[in-house]
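Asker: Please see the structure below; I have some questions.
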Amino acid sequence: VQLQASGGGLVQAGGSLRLSCAASGRTFSNYVMAWFRQTPGKEREFVAGVNWNGGVTTHADPIKDRFTISRDNVKNTVFLQMNSLKPEDTAVYYCAALRDLRKGNYISSYRRTYEYWGQGTLVTVSS
């Protein structure tokens, strides 16, 4: 599956952005989708994930209650709505896909389990 992330940009602290990741090439609903982020010199970290039909989501503690992941299986797109942004949210954000043919509720937060990655979109939050 090919992933194309978009929606990053420069925003002031307290502002909002909505990231999108469009998928193509395979059956989108066969994949768990997730967002990760990375800053220079640090490991890529899990931000949020959503199961195959959008019924189950999980969000990392630093962004819980501020970010929301969702997906649209008709548009083959996963979203990350980011509100109340903080300077420490500045990072390159990556979408990722993990095949789940059983279509269960498990969402991996481990980077190495994801098979496909988008190119990343830069989010910069100014103070």
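The way I read the labels, and the way they are meant: chains A, B, ... in the order of the structure tokens, residue 1 as the first residue of every chain, and ligand 1 as the first ligand shown, with later ones counted on from there.
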A:Tyr116: which residues within 9 Å, counting only C-alpha atoms, same-chain residues fewer than 2 positions away excluded, as a VMD selection string?
Answerer: chain A and resid 1 to 3 95 to 98 114 118
Asker: Contacts between stretch 16-22 of chain A and stretch 44-98 of chain A, please, where a residue of stretch 44-98 of chain A counts if it comes within 12 Å (with only C-alpha atoms); show its shortest atom pair and distance in Å to one decimal, rows by chain and ascending number, as a Markdown table.
Answerer:
| residue | atom | partner | partner_atom | distance |
| --- | --- | --- | --- | --- |
| A:Arg66 | CA | A:Ser16 | CA | 9.5 |
| A:Phe67 | CA | A:Arg18 | CA | 9.3 |
| A:Thr68 | CA | A:Arg18 | CA | 9.4 |
| A:Ile69 | CA | A:Leu19 | CA | 9.4 |
| A:Ser70 | CA | A:Ser20 | CA | 9.7 |
| A:Arg71 | CA | A:Cys21 | CA | 9.3 |
| A:Asp72 | CA | A:Ala22 | CA | 9.8 |
| A:Asn73 | CA | A:Ala22 | CA | 10.3 |
| A:Val74 | CA | A:Ala22 | CA | 11.0 |
| A:Lys75 | CA | A:Ala22 | CA | 7.9 |
| A:Asn76 | CA | A:Ala22 | CA | 6.0 |
| A:Thr77 | CA | A:Ala22 | CA | 4.5 |
| A:Val78 | CA | A:Cys21 | CA | 5.2 |
| A:Phe79 | CA | A:Ser20 | CA | 4.6 |
| A:Leu80 | CA | A:Leu19 | CA | 5.0 |
| A:Gln81 | CA | A:Arg18 | CA | 4.5 |
| A:Met82 | CA | A:Leu17 | CA | 5.2 |
| A:Asn83 | CA | A:Ser16 | CA | 4.4 |
| A:Ser84 | CA | A:Ser16 | CA | 6.2 |
| A:Leu85 | CA | A:Ser16 | CA | 6.2 |
| A:Lys86 | CA | A:Ser16 | CA | 9.8 |
| A:Asp89 | CA | A:Ser16 | CA | 11.3 |
| A:Thr90 | CA | A:Leu17 | CA | 11.8 |
| A:Val92 | CA | A:Leu19 | CA | 11.3 |
| A:Tyr93 | CA | A:Leu19 | CA | 8.6 |
| A:Tyr94 | CA | A:Cys21 | CA | 8.7 |
| A:Cys95 | CA | A:Cys21 | CA | 6.4 |
| A:Ala96 | CA | A:Cys21 | CA | 8.9 |
| A:Ala97 | CA | A:Cys21 | CA | 10.4 |
Asker: Using only N, CA and C atoms, please write the residues we just selected to a file, as a compact mmCIF listing (two decimals), in the first residue's frame.
Answerer:
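What landed in out.txt:
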# COMPACT_ATOMS: atom_id res chain seq x y z
N ARG A 66 -6.11 15.82 23.23
CA ARG A 66 -5.84 16.93 22.31
C ARG A 66 -5.88 16.48 20.85
N PHE A 67 -5.44 15.26 20.59
CA PHE A 67 -5.40 14.73 19.23
C PHE A 67 -6.46 13.64 19.10
N THR A 68 -7.00 13.50 17.88
CA THR A 68 -7.96 12.44 17.61
C THR A 68 -7.68 11.82 16.25
N ILE A 69 -7.52 10.50 16.25
CA ILE A 69 -7.33 9.78 14.99
C ILE A 69 -8.68 9.26 14.51
N SER A 70 -8.84 9.26 13.20
CA SER A 70 -10.05 8.70 12.60
C SER A 70 -9.72 8.22 11.20
N ARG A 71 -10.64 7.48 10.61
CA ARG A 71 -10.40 7.00 9.24
C ARG A 71 -11.71 7.01 8.46
N ASP A 72 -11.56 7.08 7.16
CA ASP A 72 -12.69 7.01 6.24
C ASP A 72 -12.35 5.93 5.22
N ASN A 73 -12.99 4.76 5.36
CA ASN A 73 -12.66 3.63 4.48
C ASN A 73 -13.25 3.78 3.09
N VAL A 74 -14.11 4.74 2.88
CA VAL A 74 -14.60 5.02 1.53
C VAL A 74 -13.58 5.88 0.79
N LYS A 75 -13.02 6.85 1.51
CA LYS A 75 -12.01 7.74 0.91
C LYS A 75 -10.59 7.20 1.05
N ASN A 76 -10.44 6.05 1.73
CA ASN A 76 -9.11 5.44 1.92
C ASN A 76 -8.14 6.43 2.58
N THR A 77 -8.61 7.07 3.60
CA THR A 77 -7.82 8.12 4.24
C THR A 77 -7.90 8.00 5.76
N VAL A 78 -6.78 8.25 6.40
CA VAL A 78 -6.74 8.35 7.86
C VAL A 78 -6.39 9.78 8.22
N PHE A 79 -6.97 10.26 9.31
CA PHE A 79 -6.82 11.65 9.72
C PHE A 79 -6.23 11.72 11.13
N LEU A 80 -5.60 12.84 11.41
CA LEU A 80 -5.18 13.14 12.76
C LEU A 80 -5.56 14.60 13.03
N GLN A 81 -6.60 14.78 13.82
CA GLN A 81 -7.01 16.12 14.22
C GLN A 81 -6.20 16.50 15.45
N MET A 82 -5.47 17.60 15.34
CA MET A 82 -4.58 18.04 16.42
C MET A 82 -5.05 19.40 16.92
N ASN A 83 -5.47 19.44 18.16
CA ASN A 83 -5.93 20.68 18.79
C ASN A 83 -5.01 21.05 19.95
N SER A 84 -5.12 22.28 20.38
CA SER A 84 -4.34 22.78 21.52
C SER A 84 -2.87 22.42 21.35
N LEU A 85 -2.33 22.70 20.20
CA LEU A 85 -0.96 22.32 19.89
C LEU A 85 0.03 23.04 20.78
N LYS A 86 1.11 22.34 21.11
CA LYS A 86 2.16 22.86 21.96
C LYS A 86 3.48 22.84 21.19
N ASP A 89 5.01 19.56 20.38
CA ASP A 89 4.41 18.71 19.35
C ASP A 89 5.13 18.87 18.01
N THR A 90 6.06 19.81 17.93
CA THR A 90 6.83 20.00 16.70
C THR A 90 7.58 18.74 16.34
N VAL A 92 8.21 15.75 12.65
CA VAL A 92 7.73 15.20 11.38
C VAL A 92 6.76 14.07 11.74
N TYR A 93 5.59 14.14 11.18
CA TYR A 93 4.54 13.16 11.46
C TYR A 93 4.44 12.19 10.28
N TYR A 94 4.43 10.90 10.62
CA TYR A 94 4.37 9.84 9.63
C TYR A 94 3.12 9.01 9.83
N CYS A 95 2.46 8.66 8.73
CA CYS A 95 1.40 7.66 8.83
C CYS A 95 1.98 6.30 8.48
N ALA A 96 1.37 5.27 9.02
CA ALA A 96 1.88 3.92 8.84
C ALA A 96 0.72 2.93 8.77
N ALA A 97 0.98 1.82 8.10
CA ALA A 97 -0.06 0.79 7.91
C ALA A 97 0.47 -0.57 8.31
Asker: Which value, in Å to one decimal, gives the distance between atom CA of A:Gln38 and atom CA of A:Gly54?
Answerer: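 Distance reported for this atom pair: 24.2 Å.
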Asker: Which of stretch 6-89 of chain A counts as strand (DSSP E or B) under DSSP, as a PyMOL selection string please?
Answerer: chain A and resi 6+9-12+17-24+31-38+45-50+57-59+67-72+77-82
Asker: Output the selection as a PDB file, in the first residue's frame - C-alpha atoms for each residue.
Answerer:
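The resulting file, out39.pdb, is shown below:
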ATOM      1  CA  SER A   6      -0.312  15.924   4.026  1.00  0.00           C
ATOM      2  CA  GLY A   9       2.576  23.371   8.486  1.00  0.00           C
ATOM      3  CA  LEU A  10       3.407  26.185  10.866  1.00  0.00           C
ATOM      4  CA  VAL A  11       0.926  27.015  13.594  1.00  0.00           C
ATOM      5  CA  GLN A  12       0.996  29.019  16.797  1.00  0.00           C
ATOM      6  CA  LEU A  17      -4.062  21.280  12.342  1.00  0.00           C
ATOM      7  CA  ARG A  18      -5.573  18.300  10.598  1.00  0.00           C
ATOM      8  CA  LEU A  19      -3.256  15.781   9.021  1.00  0.00           C
ATOM      9  CA  SER A  20      -4.423  13.446   6.282  1.00  0.00           C
ATOM     10  CA  CYS A  21      -2.911  10.281   4.904  1.00  0.00           C
ATOM     11  CA  ALA A  22      -4.284   8.922   1.654  1.00  0.00           C
ATOM     12  CA  ALA A  23      -3.737   5.247   0.887  1.00  0.00           C
ATOM     13  CA  SER A  24      -3.716   3.522  -2.469  1.00  0.00           C
ATOM     14  CA  TYR A  31      -4.934  -2.325   7.559  1.00  0.00           C
ATOM     15  CA  VAL A  32      -4.514  -0.935  11.017  1.00  0.00           C
ATOM     16  CA  MET A  33      -3.456   2.675  10.547  1.00  0.00           C
ATOM     17  CA  ALA A  34      -1.328   4.785  12.835  1.00  0.00           C
ATOM     18  CA  TRP A  35       0.470   8.080  13.188  1.00  0.00           C
ATOM     19  CA  PHE A  36       3.992   8.368  14.541  1.00  0.00           C
ATOM     20  CA  ARG A  37       6.197  11.392  14.991  1.00  0.00           C
ATOM     21  CA  GLN A  38       9.901  12.031  15.117  1.00  0.00           C
ATOM     22  CA  GLU A  45       7.274   7.551  18.624  1.00  0.00           C
ATOM     23  CA  PHE A  46       3.721   6.309  18.458  1.00  0.00           C
ATOM     24  CA  VAL A  47       1.046   9.009  18.478  1.00  0.00           C
ATOM     25  CA  ALA A  48      -2.249   7.278  17.716  1.00  0.00           C
ATOM     26  CA  GLY A  49      -3.719   4.255  15.996  1.00  0.00           C
ATOM     27  CA  VAL A  50      -7.051   3.067  14.651  1.00  0.00           C
ATOM     28  CA  THR A  57      -8.627   3.882  18.645  1.00  0.00           C
ATOM     29  CA  THR A  58      -5.714   4.429  20.956  1.00  0.00           C
ATOM     30  CA  HIS A  59      -3.776   7.618  21.689  1.00  0.00           C
ATOM     31  CA  PHE A  67      -5.404  14.731  19.228  1.00  0.00           C
ATOM     32  CA  THR A  68      -7.963  12.439  17.609  1.00  0.00           C
ATOM     33  CA  ILE A  69      -7.332   9.780  14.991  1.00  0.00           C
ATOM     34  CA  SER A  70     -10.055   8.699  12.601  1.00  0.00           C
ATOM     35  CA  ARG A  71     -10.404   7.004   9.243  1.00  0.00           C
ATOM     36  CA  ASP A  72     -12.690   7.005   6.243  1.00  0.00           C
ATOM     37  CA  THR A  77      -7.818   8.122   4.240  1.00  0.00           C
ATOM     38  CA  VAL A  78      -6.744   8.351   7.862  1.00  0.00           C
ATOM     39  CA  PHE A  79      -6.816  11.650   9.722  1.00  0.00           C
ATOM     40  CA  LEU A  80      -5.181  13.144  12.763  1.00  0.00           C
ATOM     41  CA  GLN A  81      -7.005  16.116  14.220  1.00  0.00           C
ATOM     42  CA  MET A  82      -4.583  18.038  16.417  1.00  0.00           C
TER      43      MET A  82
END
Asker: Go through stretch 11-83 of chain A and collect every residue that DSSP, computed from the backbone, puts in helix (DSSP H, G or I); the answer should be as a ChimeraX atom specification.
Answerer: /A:28-30,61-63
Asker: Selection from above, N, CA and C atoms, as a tab-separated table (two decimals), in the first residue's frame, can you write it?
Answerer:
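Wrote part_17.tsv, looks like this:
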chain	number	residue	atom	x	y	z
A	28	PHE	N	-7.85	-0.84	1.73
A	28	PHE	CA	-7.53	-0.01	2.88
A	28	PHE	C	-8.04	-0.61	4.18
A	29	SER	N	-9.22	-1.22	4.14
A	29	SER	CA	-9.81	-1.75	5.37
A	29	SER	C	-9.09	-2.99	5.89
A	30	ASN	N	-8.11	-3.49	5.18
A	30	ASN	CA	-7.31	-4.61	5.67
A	30	ASN	C	-6.16	-4.18	6.58
A	61	ASP	N	-0.24	8.93	25.64
A	61	ASP	CA	-0.54	9.82	26.77
A	61	ASP	C	-0.22	11.29	26.53
A	62	PRO	N	0.92	11.63	25.91
A	62	PRO	CA	1.24	13.07	25.74
A	62	PRO	C	0.23	13.85	24.91
A	63	ILE	N	-0.52	13.16	24.08
A	63	ILE	CA	-1.45	13.86	23.18
A	63	ILE	C	-2.91	13.50	23.44
Asker: Could you tell me how far atom CA of A:Arg112 lies from atom CA of A:Arg44, in Å and to one decimal?
Answerer: 10.1 Å
